[in-house]
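> Here it is, the structure in full.
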Amino acid sequence: MLFSILSWLLAVFFLLAVLGIASLVLATQWIAAKAERLVPPVGKFIEIDGNRVHYVDVGEGRPIVFLHGLGAQLHHFRSTLFGRLDPGYRLIALDRPGSGYSVRASGATGRLPEQAEIVRRFIETMRLEKPLVVGHSLGGAIALTLAVEHPEAISGIALLAPLTHLEDGAREKFGPLYIPSRLLRRVMAHTMAIPTGLRYARPTMEFIFAPQVPPADYMVAAGGWLGLRPAHFYATSSDVVAIERDLGRIEGRYGEIAMPAGILFGAADRVIDISIHGEPMQDKIEGLDFEAVDGLGHMPQFVEPERVIAFIERIAARAFSARTSPRPHDNFTEPFG
């Protein structure tokens, strides 16, 4: 009799677990479908070594390529800076593979050198002549990797609140995004992660934007909804796990950077500490244009777009003039007699 009762209870438990998982899968699919309905693709697609890259490309002139941060997408630049920058520039923002509408190649790891190589190949395939690269947050780490490993591909880097150093306790800081197991990462992406992400979307945004407040239209105009999809969560978690594999080695090479470079950092950034990731860079890159802004948080392109635009255009002027300045022997005149 007791065995029968226990068997019945186990069966009920199993059925409830299956129903619970099924409800999470269905909720995830519903949220993802809503996200894609509210924020559809806005650009073009290009294949880069097995990665399907979604990008927007506007204007004519000297090219500027924008790399977004962790868990973000191209709307972080398209909705904040495009249309405000000098019309003499060609502006290209891309969804990093796995983010937004870009699809990461099978077997890709998300490691910094891998992502930098994809950007280099994107620049090459698009026939962009040595662009300035603007990177925000994790996009800043990728821009730095590009500057270290592929300096011939770009003219300069302009970084917004960049991730620059391997920080103690980073795993704990990233919390539930740090999932080393690919299988568990995929299971989480299709069950708990998205419904939980939607539930805590508001406090998460408030933390990222603090001490400022998120814009009211962030979820649609700035593409916030796109982060609430399984593929996007999986890529974001993959990026978090991959950071520690290369960042320590890359930061040891910052002294090699000889191109025009600038960093704009909010002194009140609660996501990435300026004392760890910003101020030490002044001693590592010769001629670095470093701008610290009191009271500013992690999202300067949303909060102070005009300041960010002035910063980007300042670095662009240096980067592109460095390309066109004559070398000493260009003006050499054969002496007479």
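As shown in the structure tokens, the chain order sets the letters A, B, ...; within each chain, residues go from 1, and ligands are also counted from 1 in the order they appear.
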Please provide the set of residues having any atom within 6 Å of stretch 165-169 of chain A, restricted to only C-alpha atoms, with same-chain residues fewer than 3 positions apart removed, written as an MDAnalysis selection string.

chainID A and resid 172 247:248 277

> Please report, as a VMD selection string, each residue of stretch 185-255 of chain A to which DSSP assigns alpha helix (DSSP H) when run on this structure's backbone.

chain A and resid 185 to 190 193 to 199 201 to 209 218 to 221 230 to 251

> Output N, CA and C atoms of each residue in that selection to a file, as a compact mmCIF listing (two decimals), in the first residue's frame.


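So the final result, stored in result-v3.txt, reads:
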```
# COMPACT_ATOMS: atom_id res chain seq x y z
N ARG A 185 23.39 26.06 -20.47
CA ARG A 185 23.14 27.39 -21.05
C ARG A 185 21.96 27.34 -22.02
N ARG A 186 21.94 26.30 -22.85
CA ARG A 186 20.87 26.17 -23.84
C ARG A 186 19.54 25.84 -23.16
N VAL A 187 19.60 24.97 -22.17
CA VAL A 187 18.37 24.62 -21.44
C VAL A 187 17.80 25.85 -20.76
N MET A 188 18.65 26.62 -20.09
CA MET A 188 18.20 27.84 -19.42
C MET A 188 17.62 28.84 -20.43
N ALA A 189 18.25 28.95 -21.59
CA ALA A 189 17.80 29.90 -22.61
C ALA A 189 16.38 29.62 -23.07
N HIS A 190 16.00 28.35 -23.08
CA HIS A 190 14.67 27.97 -23.60
C HIS A 190 13.66 27.70 -22.50
N ALA A 193 15.26 31.45 -18.35
CA ALA A 193 15.96 32.72 -18.51
C ALA A 193 15.09 33.85 -19.04
N ILE A 194 14.30 33.56 -20.05
CA ILE A 194 13.54 34.64 -20.71
C ILE A 194 12.36 35.11 -19.85
N PRO A 195 11.51 34.21 -19.32
CA PRO A 195 10.45 34.70 -18.41
C PRO A 195 11.01 35.44 -17.20
N THR A 196 12.13 34.94 -16.65
CA THR A 196 12.75 35.62 -15.51
C THR A 196 13.29 36.98 -15.94
N GLY A 197 13.91 37.03 -17.14
CA GLY A 197 14.43 38.29 -17.65
C GLY A 197 13.34 39.33 -17.83
N LEU A 198 12.19 38.90 -18.32
CA LEU A 198 11.07 39.84 -18.50
C LEU A 198 10.57 40.34 -17.15
N ARG A 199 10.50 39.45 -16.19
CA ARG A 199 10.00 39.82 -14.86
C ARG A 199 10.90 40.87 -14.21
N ALA A 201 13.07 42.90 -15.86
CA ALA A 201 13.58 43.84 -16.87
C ALA A 201 13.72 45.25 -16.31
N ARG A 202 12.72 45.72 -15.59
CA ARG A 202 12.76 47.09 -15.08
C ARG A 202 13.91 47.30 -14.08
N PRO A 203 14.05 46.49 -13.02
CA PRO A 203 15.19 46.72 -12.11
C PRO A 203 16.54 46.52 -12.78
N THR A 204 16.61 45.62 -13.77
CA THR A 204 17.87 45.44 -14.50
C THR A 204 18.24 46.69 -15.26
N MET A 205 17.27 47.28 -15.97
CA MET A 205 17.54 48.51 -16.72
C MET A 205 17.90 49.65 -15.77
N GLU A 206 17.21 49.74 -14.64
CA GLU A 206 17.50 50.80 -13.68
C GLU A 206 18.92 50.70 -13.16
N PHE A 207 19.41 49.47 -12.96
CA PHE A 207 20.78 49.28 -12.51
C PHE A 207 21.77 49.69 -13.60
N ILE A 208 21.52 49.28 -14.84
CA ILE A 208 22.44 49.57 -15.94
C ILE A 208 22.53 51.07 -16.21
N PHE A 209 21.42 51.78 -16.10
CA PHE A 209 21.40 53.21 -16.41
C PHE A 209 21.77 54.09 -15.21
N TYR A 218 12.78 52.67 -24.22
CA TYR A 218 13.96 51.82 -24.38
C TYR A 218 13.64 50.45 -24.98
N MET A 219 12.60 49.81 -24.52
CA MET A 219 12.33 48.43 -24.93
C MET A 219 12.04 48.30 -26.42
N VAL A 220 11.44 49.33 -27.02
CA VAL A 220 11.14 49.25 -28.46
C VAL A 220 12.15 50.07 -29.26
N ALA A 221 12.24 51.36 -29.02
CA ALA A 221 13.11 52.23 -29.82
C ALA A 221 14.58 51.83 -29.70
N PRO A 230 15.75 33.39 -26.76
CA PRO A 230 16.71 32.35 -26.35
C PRO A 230 18.09 32.49 -26.97
N ALA A 231 18.15 32.75 -28.28
CA ALA A 231 19.46 32.84 -28.94
C ALA A 231 20.28 33.99 -28.39
N HIS A 232 19.60 35.09 -28.07
CA HIS A 232 20.30 36.26 -27.54
C HIS A 232 20.84 35.97 -26.14
N PHE A 233 20.03 35.33 -25.30
CA PHE A 233 20.51 34.97 -23.96
C PHE A 233 21.69 34.02 -24.05
N TYR A 234 21.61 33.03 -24.92
CA TYR A 234 22.68 32.05 -25.07
C TYR A 234 23.98 32.74 -25.47
N ALA A 235 23.90 33.67 -26.43
CA ALA A 235 25.09 34.39 -26.88
C ALA A 235 25.65 35.28 -25.78
N THR A 236 24.77 35.94 -25.03
CA THR A 236 25.22 36.82 -23.95
C THR A 236 25.95 36.02 -22.88
N SER A 237 25.39 34.88 -22.50
CA SER A 237 26.04 34.02 -21.51
C SER A 237 27.36 33.49 -22.05
N SER A 238 27.40 33.15 -23.34
CA SER A 238 28.65 32.67 -23.95
C SER A 238 29.72 33.76 -23.90
N ASP A 239 29.32 35.01 -24.16
CA ASP A 239 30.26 36.12 -24.10
C ASP A 239 30.83 36.28 -22.69
N VAL A 240 29.98 36.16 -21.70
CA VAL A 240 30.41 36.30 -20.30
C VAL A 240 31.45 35.23 -19.95
N VAL A 241 31.18 34.00 -20.34
CA VAL A 241 32.09 32.90 -20.04
C VAL A 241 33.42 33.09 -20.78
N ALA A 242 33.35 33.62 -22.00
CA ALA A 242 34.55 33.74 -22.84
C ALA A 242 35.48 34.87 -22.42
N ILE A 243 34.95 35.90 -21.77
CA ILE A 243 35.75 37.08 -21.45
C ILE A 243 37.04 36.73 -20.73
N GLU A 244 36.95 35.89 -19.72
CA GLU A 244 38.10 35.61 -18.87
C GLU A 244 39.19 34.81 -19.57
N ARG A 245 38.89 34.24 -20.73
CA ARG A 245 39.88 33.42 -21.43
C ARG A 245 40.94 34.25 -22.14
N ASP A 246 40.63 35.52 -22.46
CA ASP A 246 41.57 36.31 -23.26
C ASP A 246 41.85 37.71 -22.74
N LEU A 247 40.94 38.27 -21.95
CA LEU A 247 41.09 39.68 -21.59
C LEU A 247 42.40 39.96 -20.85
N GLY A 248 42.80 39.06 -19.97
CA GLY A 248 44.05 39.26 -19.24
C GLY A 248 45.25 39.36 -20.18
N ARG A 249 45.27 38.52 -21.21
CA ARG A 249 46.37 38.57 -22.18
C ARG A 249 46.31 39.83 -23.03
N ILE A 250 45.11 40.22 -23.45
CA ILE A 250 44.94 41.41 -24.30
C ILE A 250 45.36 42.67 -23.55
N GLU A 251 44.99 42.77 -22.28
CA GLU A 251 45.31 43.99 -21.53
C GLU A 251 46.81 44.18 -21.36
```

> Could you tell me which of A:Ala161, A:Leu288, A:Ile312, A:Val39 comes closest to A:Gly266 if we count only C-alpha atoms?

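Of all the options, A:Ala161 lies closest to A:Gly266.
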
> Counting only C-alpha atoms, which residues of stretch 265-335 of chain A sit at most 12 Å from some atom of stretch 173-182 of chain A, and what is each one's closest atom pair with its distance in Å to one decimal, listed by chain and rising residue number, as a tab-separated table?


```
residue	atom	partner	partner_atom	distance
A:Arg270	CA	A:Lys173	CA	11.4
A:Val271	CA	A:Lys173	CA	9.2
A:Ile272	CA	A:Lys173	CA	10.3
A:Asp273	CA	A:Lys173	CA	12.0
```

> In stretch 44-280 of chain A, what's strand (DSSP E) per DSSP? Answer as a CSV table (one decimal) with C-alpha atoms, in the first residue's frame?


```csv
chain,number,residue,atom,x,y,z
A,44,LYS,CA,20.8,44.2,-44.2
A,45,PHE,CA,22.4,40.8,-43.8
A,46,ILE,CA,25.9,39.6,-44.8
A,47,GLU,CA,27.6,36.2,-44.3
A,48,ILE,CA,31.0,36.4,-42.6
A,51,ASN,CA,28.1,34.2,-39.1
A,52,ARG,CA,25.0,35.9,-40.5
A,53,VAL,CA,25.6,39.5,-39.5
A,54,HIS,CA,22.7,42.1,-39.4
A,55,TYR,CA,23.9,45.7,-39.8
A,56,VAL,CA,22.7,49.2,-40.7
A,57,ASP,CA,24.7,51.4,-43.0
A,58,VAL,CA,23.9,55.1,-43.6
A,62,ARG,CA,34.8,58.3,-43.8
A,63,PRO,CA,33.5,55.1,-42.2
A,64,ILE,CA,32.7,54.7,-38.5
A,65,VAL,CA,31.9,51.2,-37.2
A,66,PHE,CA,29.9,50.8,-33.9
A,67,LEU,CA,30.2,47.8,-31.6
A,89,TYR,CA,30.6,60.2,-42.1
A,90,ARG,CA,29.4,56.8,-43.1
A,91,LEU,CA,27.9,55.1,-40.1
A,92,ILE,CA,27.8,51.3,-39.8
A,93,ALA,CA,26.4,49.6,-36.7
A,94,LEU,CA,26.2,45.8,-36.5
A,132,LEU,CA,37.2,54.5,-36.8
A,133,VAL,CA,35.8,51.9,-34.4
A,134,VAL,CA,33.4,53.0,-31.6
A,135,GLY,CA,32.9,50.4,-28.9
A,136,HIS,CA,30.7,50.5,-25.8
A,156,GLY,CA,41.5,54.6,-34.4
A,157,ILE,CA,39.2,53.6,-31.5
A,158,ALA,CA,36.7,55.7,-29.5
A,159,LEU,CA,35.5,53.8,-26.5
A,160,LEU,CA,32.5,54.4,-24.3
A,261,ALA,CA,42.4,56.4,-29.2
A,262,GLY,CA,40.0,57.9,-26.8
A,263,ILE,CA,37.9,56.8,-23.8
A,264,LEU,CA,34.8,58.5,-22.4
A,265,PHE,CA,33.8,57.2,-19.0
A,266,GLY,CA,31.1,58.1,-16.6
```

> Between atom CA of A:Leu26 and atom CA of A:Pro215, what is the distance in Å, rounded to a tenth?

29.5 Å

> Using only C-alpha atoms, can you tell me which of A:Gly59, A:Thr191, A:Ser79, A:Phe290 comes closest to A:Arg229?

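Between A:Gly59, A:Thr191, A:Ser79, A:Phe290, the residue approaching A:Arg229 most closely is A:Thr191.
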
> What is the distance, in Å and to one decimal place, between atom CA of A:His76 and atom CA of A:Gln301?

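Atom-to-atom, atom CA of A:His76 to atom CA of A:Gln301, that is 7.6 Å.
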
> Find the distance between atom CA of A:Leu146 and atom CA of A:Ala292 and write it in Å to one decimal.

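Spanning atom CA of A:Leu146 to atom CA of A:Ala292 is a straight-line distance of 23.4 Å.
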